[in-house]
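Okay, upload_28.txt is below, compact mmCIF, C-alpha atoms:
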```
# COMPACT_ATOMS: atom_id res chain seq x y z
CA MET A 1 0.00 0.00 0.00
CA LYS A 2 2.83 2.39 0.85
CA GLY A 3 4.39 4.01 -2.22
CA VAL A 4 5.22 7.28 -3.92
CA ASP A 5 1.56 7.96 -4.56
CA SER A 6 0.56 7.16 -0.97
CA ILE A 7 0.34 9.34 2.09
CA GLY A 8 -0.03 8.39 5.71
CA VAL A 9 -3.59 9.11 6.77
CA LYS A 10 -4.70 9.50 10.36
CA ILE A 11 -8.38 8.75 10.80
CA ILE A 12 -9.73 10.00 14.11
CA PHE A 13 -12.99 8.92 15.67
CA ASN A 14 -14.06 11.46 18.25
CA GLY A 15 -16.84 10.51 20.59
CA VAL A 16 -17.62 10.00 24.22
CA GLY A 17 -15.90 6.69 24.78
CA TYR A 18 -12.66 6.04 26.61
CA ASN A 19 -10.62 9.27 26.64
CA ASP A 20 -13.37 10.77 24.50
CA LYS A 21 -12.41 8.37 21.71
CA TYR A 22 -14.53 5.67 20.22
CA GLN A 23 -12.94 2.27 19.87
CA VAL A 24 -14.38 0.95 16.65
CA LYS A 25 -13.85 -1.89 14.26
CA VAL A 26 -12.81 -0.33 10.98
CA LYS A 27 -12.73 -1.70 7.47
CA ILE A 28 -11.48 0.29 4.49
CA TYR A 29 -12.31 -0.89 1.01
CA ASP A 30 -10.69 -0.08 -2.31
CA LYS A 31 -13.66 -1.00 -4.46
CA ASP A 32 -14.41 -4.54 -3.24
CA LYS A 33 -10.96 -5.21 -1.85
CA ILE A 34 -10.35 -4.83 1.88
CA ILE A 35 -7.17 -2.85 2.41
CA TYR A 36 -7.59 -2.33 6.16
CA ASP A 37 -9.37 -4.50 8.70
CA GLY A 38 -8.76 -3.74 12.34
CA TYR A 39 -9.70 -1.66 15.35
CA SER A 40 -9.00 1.95 16.21
CA TYR A 41 -6.53 2.51 19.03
CA ASN A 42 -7.41 5.42 21.28
CA GLY A 43 -9.84 6.49 18.62
CA VAL A 44 -7.26 6.53 15.83
CA VAL A 45 -6.52 4.42 12.75
CA ASN A 46 -3.29 5.09 10.86
CA VAL A 47 -3.21 3.82 7.32
CA PHE A 48 -1.48 4.54 4.02
CA LEU A 49 -3.84 5.48 1.22
CA LYS A 50 -3.22 6.44 -2.36
CA ARG A 51 -3.86 10.00 -3.43
CA ASN A 52 -6.73 10.90 -5.70
CA LYS A 53 -8.66 7.79 -5.00
CA GLY A 54 -11.98 6.98 -3.42
CA TYR A 55 -12.34 4.55 -0.51
CA ARG A 56 -15.18 3.25 1.48
CA LEU A 57 -14.71 3.39 5.22
CA TYR A 58 -16.92 1.24 7.35
CA ALA A 59 -17.08 1.65 11.13
CA SER A 60 -18.94 -1.55 11.81
CA PHE A 61 -20.81 -1.19 15.05
CA LEU A 62 -22.28 2.12 13.98
CA ASP A 63 -23.21 0.67 10.61
CA TYR A 64 -21.76 3.90 9.36
CA ARG A 65 -20.54 4.03 5.77
CA ILE A 66 -18.76 6.93 4.13
CA TRP A 67 -16.50 7.65 1.23
CA ILE A 68 -13.08 9.03 1.87
CA SER A 69 -11.11 10.57 -0.95
CA ILE A 70 -7.48 11.59 -0.79
CA TYR A 71 -7.60 14.57 -3.09
CA THR A 72 -5.57 16.99 -1.03
CA ASN A 73 -2.41 16.99 1.03
CA SER A 74 -4.43 16.73 4.20
CA ASN A 75 -3.58 13.56 6.05
CA GLU A 76 -5.92 13.82 9.00
CA TYR A 77 -9.61 12.97 8.82
CA ILE A 78 -11.83 13.41 11.81
CA PHE A 79 -15.21 11.82 12.29
CA SER A 80 -17.31 12.84 15.23
CA LEU A 81 -19.41 9.89 16.27
CA ASN A 82 -21.92 9.84 19.05
CA ASN A 83 -24.39 7.07 18.63
CA ARG A 84 -26.39 5.53 21.47
CA ARG A 85 -28.56 2.47 21.34
CA THR A 86 -30.91 0.83 23.78
CA ILE A 87 -29.26 -1.76 26.00
CA THR A 88 -31.27 -4.21 28.09
CA LEU A 89 -29.92 -5.25 31.48
CA PHE A 90 -31.13 -8.32 33.35
CA LEU A 91 -30.69 -8.57 37.11
CA LYS A 92 -31.23 -11.88 38.85
CA ASP A 93 -30.64 -13.43 42.26
CA TYR A 94 -27.22 -15.11 42.20
CA TYR A 95 -28.35 -18.22 44.09
CA TYR A 96 -31.87 -18.67 42.78
CA ASN A 97 -31.70 -17.20 39.26
CA LEU A 98 -34.85 -15.36 40.34
CA PRO A 99 -35.53 -12.00 38.62
CA ILE A 100 -35.06 -9.10 41.03
CA GLU A 101 -38.44 -7.39 41.38
CA ARG A 102 -37.09 -3.90 41.93
CA GLY A 103 -33.67 -2.28 42.15
CA VAL A 104 -31.16 -0.02 40.45
CA ILE A 105 -27.97 -0.71 38.52
CA VAL A 106 -25.51 2.13 38.14
CA LEU A 107 -22.95 2.04 35.31
CA TRP A 108 -19.96 4.34 35.56
CA GLN A 109 -18.06 5.12 32.39
CA ARG A 110 -14.41 4.28 32.99
CA MET B 111 -20.62 9.91 34.12
CA ALA B 112 -23.05 7.57 35.86
CA LYS B 113 -25.91 5.86 34.07
CA ILE B 114 -28.68 4.81 36.45
CA ILE B 115 -30.86 1.97 35.22
CA THR B 116 -34.03 1.09 37.09
CA ILE B 117 -34.73 -2.62 37.30
CA LYS B 118 -38.29 -3.89 37.41
CA ASN B 119 -39.09 -7.60 37.46
CA GLY B 120 -35.49 -8.39 36.55
CA THR B 121 -35.14 -6.10 33.55
CA GLY B 122 -34.12 -2.52 32.79
CA THR B 123 -33.16 -0.60 29.65
CA ALA B 124 -30.94 2.37 28.91
CA GLU B 125 -29.46 4.13 25.91
CA LEU B 126 -25.74 3.53 26.14
CA ILE B 127 -22.70 3.94 23.95
CA ASN B 128 -19.99 1.35 23.53
CA ASP B 129 -17.57 1.76 26.38
CA SER B 130 -16.20 0.14 29.51
CA TYR B 131 -18.28 0.65 32.64
CA SER B 132 -17.87 -0.16 36.29
CA VAL B 133 -21.03 -1.48 37.93
CA SER B 134 -22.72 -0.83 41.25
CA ALA B 135 -26.18 -1.75 42.48
CA ASP B 136 -28.84 -0.54 44.85
CA VAL B 137 -31.21 -3.40 45.56
CA LEU B 138 -33.15 -3.25 48.83
CA GLY B 139 -32.69 -6.36 50.91
CA TYR B 140 -29.62 -7.57 49.03
CA ASP B 141 -25.88 -7.27 49.63
CA ASN B 142 -25.12 -4.60 47.03
CA THR B 143 -21.41 -5.40 47.08
CA SER B 144 -22.25 -8.82 45.60
CA ILE B 145 -23.21 -7.39 42.19
CA LEU B 146 -21.61 -9.36 39.35
CA PRO B 147 -20.00 -8.54 37.05
CA THR B 148 -18.39 -5.46 38.62
CA ASN B 149 -17.18 -4.28 35.23
CA VAL B 150 -18.89 -4.57 31.88
CA ASP B 151 -17.86 -3.73 28.33
CA ILE B 152 -20.78 -2.60 26.22
CA ILE B 153 -19.75 -3.77 22.76
CA SER B 154 -21.09 -3.77 19.26
CA GLY B 155 -23.55 -6.50 18.37
CA THR B 156 -24.54 -7.23 21.97
CA ASP B 157 -27.52 -5.40 23.42
CA ASN B 158 -28.40 -7.67 26.37
CA TYR B 159 -26.31 -7.92 29.53
CA ASN B 160 -26.84 -10.11 32.61
CA PHE B 161 -26.10 -9.24 36.21
CA THR B 162 -26.60 -11.05 39.49
CA VAL B 163 -26.86 -9.94 43.09
CA ALA B 164 -26.99 -12.04 46.26
CA ALA B 165 -28.67 -11.78 49.64
CA THR B 166 -27.56 -13.07 53.04
CA GLY B 167 -30.77 -13.71 54.99
CA ALA B 168 -32.12 -17.10 56.10
CA LEU B 169 -35.77 -18.16 56.19
CA THR B 170 -36.51 -21.28 58.21
CA LEU B 171 -39.77 -23.10 57.56
CA HIS B 172 -40.77 -25.11 60.65
CA VAL B 173 -43.32 -27.73 59.62
CA THR B 174 -45.51 -29.44 62.23
CA ASP B 175 -48.91 -31.07 62.38
CA SER B 176 -50.27 -28.10 64.34
CA GLY B 177 -48.43 -25.21 62.70
CA THR B 178 -46.91 -24.19 66.03
CA SER B 179 -43.45 -24.46 67.52
CA GLU B 180 -44.77 -27.16 69.89
CA GLY B 181 -46.31 -29.38 67.21
CA THR B 182 -45.01 -32.73 66.01
CA PRO B 183 -42.30 -32.12 63.37
CA ILE B 184 -42.98 -33.28 59.83
CA VAL B 185 -39.88 -34.86 58.29
CA GLY B 186 -39.37 -34.87 54.52
CA ALA B 187 -41.63 -31.98 53.54
CA THR B 188 -40.28 -30.15 50.48
CA PHE B 189 -40.40 -26.50 49.44
CA ILE B 190 -39.11 -24.39 46.55
CA ARG B 191 -38.77 -20.64 45.85
CA THR B 192 -41.16 -19.20 43.29
CA ASP B 193 -42.16 -15.88 41.84
CA SER B 194 -45.60 -14.45 42.49
CA THR B 195 -47.12 -16.55 39.71
CA GLY B 196 -45.65 -19.85 40.88
CA ASN B 197 -42.69 -20.27 38.51
CA GLU B 198 -40.06 -22.25 40.40
CA TYR B 199 -36.48 -21.12 41.06
CA GLY B 200 -33.48 -22.70 42.77
CA ALA B 201 -33.22 -26.02 44.53
CA VAL B 202 -35.80 -27.87 46.62
CA ILE B 203 -35.27 -27.77 50.40
CA ILE B 204 -36.38 -30.62 52.70
CA THR B 205 -37.39 -30.58 56.35
CA ASP B 206 -35.00 -32.35 58.71
CA SER B 207 -35.70 -34.37 61.86
CA ASN B 208 -36.71 -31.15 63.64
CA GLY B 209 -39.17 -30.28 60.90
CA ASP B 210 -36.96 -27.44 59.68
CA ALA B 211 -36.10 -26.51 56.09
CA VAL B 212 -34.00 -23.41 55.37
CA PHE B 213 -33.94 -21.05 52.42
CA ASN B 214 -30.49 -19.46 52.65
CA ASN B 215 -29.44 -16.32 50.79
CA VAL B 216 -32.82 -14.63 50.89
CA PRO B 217 -33.30 -10.84 51.09
CA TYR B 218 -34.24 -8.94 54.24
CA ALA B 219 -34.72 -5.31 55.18
CA ASP B 220 -36.10 -3.53 58.22
CA ALA B 221 -38.66 -1.73 56.05
CA ASN B 222 -40.23 -2.47 52.67
CA ALA B 223 -38.40 -5.79 52.49
CA PRO B 224 -38.71 -7.73 49.22
CA ILE B 225 -41.45 -10.33 49.22
CA ILE B 226 -40.23 -13.93 49.27
CA TYR B 227 -42.50 -16.34 47.43
CA PHE B 228 -42.39 -20.11 47.92
CA LYS B 229 -44.59 -23.14 47.79
CA GLN B 230 -44.68 -26.57 49.38
CA THR B 231 -44.31 -29.40 46.88
CA ALA B 232 -44.74 -32.43 49.17
CA SER B 233 -45.27 -33.54 52.75
CA ASP B 234 -44.34 -36.85 54.38
CA GLY B 235 -47.22 -38.81 52.87
CA ASP B 236 -49.28 -38.89 56.06
CA HIS B 237 -50.12 -35.21 56.31
CA GLU B 238 -52.02 -32.69 54.21
CA PHE B 239 -50.23 -29.63 52.80
CA ASP B 240 -51.08 -26.37 51.04
CA GLY B 241 -49.44 -26.40 47.60
CA SER B 242 -50.37 -22.84 46.69
CA VAL B 243 -47.85 -19.98 46.45
CA GLN B 244 -47.19 -18.48 49.89
CA ASN B 245 -45.25 -15.35 50.69
CA THR B 246 -43.45 -13.66 53.51
CA SER B 247 -40.79 -11.01 54.05
CA LEU B 248 -37.90 -10.77 56.47
CA THR B 249 -37.20 -7.73 58.61
CA THR B 250 -34.21 -9.42 60.23
CA SER B 251 -31.50 -11.64 58.82
CA SER B 252 -32.93 -14.86 60.26
CA GLU B 253 -36.59 -15.67 60.83
CA THR B 254 -38.78 -18.75 61.20
CA ASN B 255 -42.23 -19.30 59.72
CA GLN B 256 -44.57 -21.94 61.15
CA ILE B 257 -46.16 -24.20 58.54
CA GLN B 258 -49.02 -26.56 59.36
CA ASN B 259 -49.31 -29.98 57.75
CA PRO B 260 -52.36 -31.51 59.49
CA VAL B 261 -52.88 -35.23 59.76
CA GLY B 262 -55.02 -36.57 56.94
CA ALA B 263 -58.74 -36.63 57.70
CA LEU B 264 -60.27 -39.85 59.08
CA ARG B 265 -61.81 -41.86 56.23
CA THR B 266 -64.03 -44.95 56.33
CA ILE B 267 -63.11 -47.82 54.01
CA ASN B 268 -65.75 -50.47 53.19
CA LEU B 269 -64.86 -53.91 51.83
CA THR B 270 -67.66 -56.24 50.72
CA ASP B 271 -67.97 -59.55 48.91
CA ALA B 272 -68.28 -58.96 45.20
CA ASN B 273 -70.69 -61.88 44.72
CA TYR B 274 -72.97 -61.29 47.75
CA ALA B 275 -74.18 -57.75 47.82
CA ASN B 276 -73.38 -55.78 50.99
CA LEU B 277 -71.80 -58.75 52.75
CA PRO B 278 -68.93 -57.29 54.79
CA ILE B 279 -65.57 -59.03 54.73
CA GLU B 280 -64.98 -59.98 58.33
CA SER B 281 -61.22 -59.56 58.46
CA ALA B 282 -58.80 -58.27 55.83
CA SER B 283 -56.46 -55.43 55.01
CA ILE B 284 -56.31 -53.00 52.07
CA THR B 285 -53.16 -51.22 50.97
CA LEU B 286 -53.44 -47.78 49.32
CA THR B 287 -50.33 -46.48 47.62
CA ASN B 288 -50.07 -42.82 46.57
```

When written as structure tokens, how does the structure in this file appear?
Amino acid sequence: MKGVDSIGVKIIFNGVGYNDKYQVKVKIYDKDKIIYDGYSYNGVVNVFLKRNKGYRLYASFLDYRIWISIYTNSNEYIFSLNNRRTITLFLKDYYYNLPIERGVIVLWQR
Amino acid sequence: MAKIITIKNGTGTAELINDSYSVSADVLGYDNTSILPTNVDIISGTDNYNFTVAATGALTLHVTDSGTSEGTPIVGATFIRTDSTGNEYGAVIITDSNGDAVFNNVPYADANAPIIYFKQTASDGDHEFDGSVQNTSLTTSSETNQIQNPVGALRTINLTDANYANLPIESASITLTN
């Protein structure tokens, strides 16, 4: 992937996750060919991409698809992502597997 | 930032983002430090998460023929925890030689304690029992409930000759097996 026509591209996913960065599974396609398949680290994916070329970037858990084109000398692309979804929590008695009739669970973002 | 999720009948929902969370609980009657897991990663593709919490109370069921502490103990009576509609949870407990069966790890609180539902599933074969869902609550960590299993009612058994109507059999025995 790295070559004279390539530049190092820093793709940043800003959000409200750990250190305000989303950790996302990322796939980058050149047409139908996967050229990157991995996870962001601290909200960042570093990858070499060819200039003047269109790519499809897929951040899987958000089901979020975009096109990224390297038409300029810019090598930093920032996506601000803030997507919530409904999570269901089940609370049962440890010894009896009996649903707890009433209570509260508190989740603290770490 | 804390996300507070209210649990009702074992379930609660919240809008959450993918992230790592530490977990605490506030469940009346239970040991809130027993919440498991204590950390949870909300991840893509998984929208349901399970937690458990444990209690430390003990409910003793003392089963006698009179339903009092002075009655004759019933040995071998069985009970099981249920919800309010009778669905069964956990293991069966059995009365010992003193007529006692103990539900351990049940909730208690000095006010508004959670209701504990249970039902009797058998007696010793010689006594009647109430198989419907019963309930109680504990205001202290260890309490005893008196359960009555009365002796079966006196029945009259007639044995006559099949070929001579109404002729009683003078001496015999009949065995009934339940």

Neighbours of chain B in chain A at 7 Å, counting all atoms listed in the file, as a compact mmCIF listing (two decimals) with C-alpha atoms, keeping the file's coordinate frame:
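Saved the output as result.txt:
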```
# COMPACT_ATOMS: atom_id res chain seq x y z
CA GLY A 17 -15.90 6.69 24.78
CA TYR A 18 -12.66 6.04 26.61
CA PHE A 61 -20.81 -1.19 15.05
CA ASN A 83 -24.39 7.07 18.63
CA ARG A 84 -26.39 5.53 21.47
CA ARG A 85 -28.56 2.47 21.34
CA THR A 86 -30.91 0.83 23.78
CA ILE A 87 -29.26 -1.76 26.00
CA THR A 88 -31.27 -4.21 28.09
CA LEU A 89 -29.92 -5.25 31.48
CA PHE A 90 -31.13 -8.32 33.35
CA LEU A 91 -30.69 -8.57 37.11
CA LYS A 92 -31.23 -11.88 38.85
CA ASP A 93 -30.64 -13.43 42.26
CA TYR A 94 -27.22 -15.11 42.20
CA TYR A 95 -28.35 -18.22 44.09
CA TYR A 96 -31.87 -18.67 42.78
CA ASN A 97 -31.70 -17.20 39.26
CA LEU A 98 -34.85 -15.36 40.34
CA PRO A 99 -35.53 -12.00 38.62
CA ILE A 100 -35.06 -9.10 41.03
CA GLU A 101 -38.44 -7.39 41.38
CA ARG A 102 -37.09 -3.90 41.93
CA GLY A 103 -33.67 -2.28 42.15
CA VAL A 104 -31.16 -0.02 40.45
CA ILE A 105 -27.97 -0.71 38.52
CA VAL A 106 -25.51 2.13 38.14
CA LEU A 107 -22.95 2.04 35.31
CA TRP A 108 -19.96 4.34 35.56
CA GLN A 109 -18.06 5.12 32.39
CA ARG A 110 -14.41 4.28 32.99
```

Just want the 12 Å neighbourhood of Gly38 in chain A, counted on only C-alpha atoms, with same-chain residues fewer than 4 positions away dropped. Output as number ranges by chain. A: 23-28, 34, 44-47, 57-60

Take the selection from the previous step and output its residues with C-alpha atoms, as a CSV table (one decimal), in the frame of the given file.
```csv
chain,number,residue,atom,x,y,z
A,23,GLN,CA,-12.9,2.3,19.9
A,24,VAL,CA,-14.4,1.0,16.6
A,25,LYS,CA,-13.8,-1.9,14.3
A,26,VAL,CA,-12.8,-0.3,11.0
A,27,LYS,CA,-12.7,-1.7,7.5
A,28,ILE,CA,-11.5,0.3,4.5
A,34,ILE,CA,-10.4,-4.8,1.9
A,44,VAL,CA,-7.3,6.5,15.8
A,45,VAL,CA,-6.5,4.4,12.8
A,46,ASN,CA,-3.3,5.1,10.9
A,47,VAL,CA,-3.2,3.8,7.3
A,57,LEU,CA,-14.7,3.4,5.2
A,58,TYR,CA,-16.9,1.2,7.4
A,59,ALA,CA,-17.1,1.6,11.1
A,60,SER,CA,-18.9,-1.6,11.8
```

Please provide the set of residues having any atom within 9 Å of Asp5 in chain A, restricted to all atoms listed in the file, with same-chain residues fewer than 4 positions apart removed, written as an MDAnalysis selection string. chainID A and resid 49:52

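In this model, the gap between CA of Gly235 in chain B and CA of Asn288 in chain B comes to 8.0 Å.
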
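Minimum distance to Thr188 in chain B across B:Ala263, B:Ala232, B:Ala168, B:Ala223 (counting all atoms listed in the file) occurs at B:Ala232.
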
Suppose you want the space between CA of Leu286 in chain B and CA of Ile267 in chain B; what is it in Å?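 Value for the CA of Leu286 in chain B-CA of Ile267 in chain B distance: 10.7 Å.
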
What does the distance from CA of Thr143 in chain B to CA of Phe228 in chain B come to in Å, to one decimal?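 It comes out at 25.6 Å.
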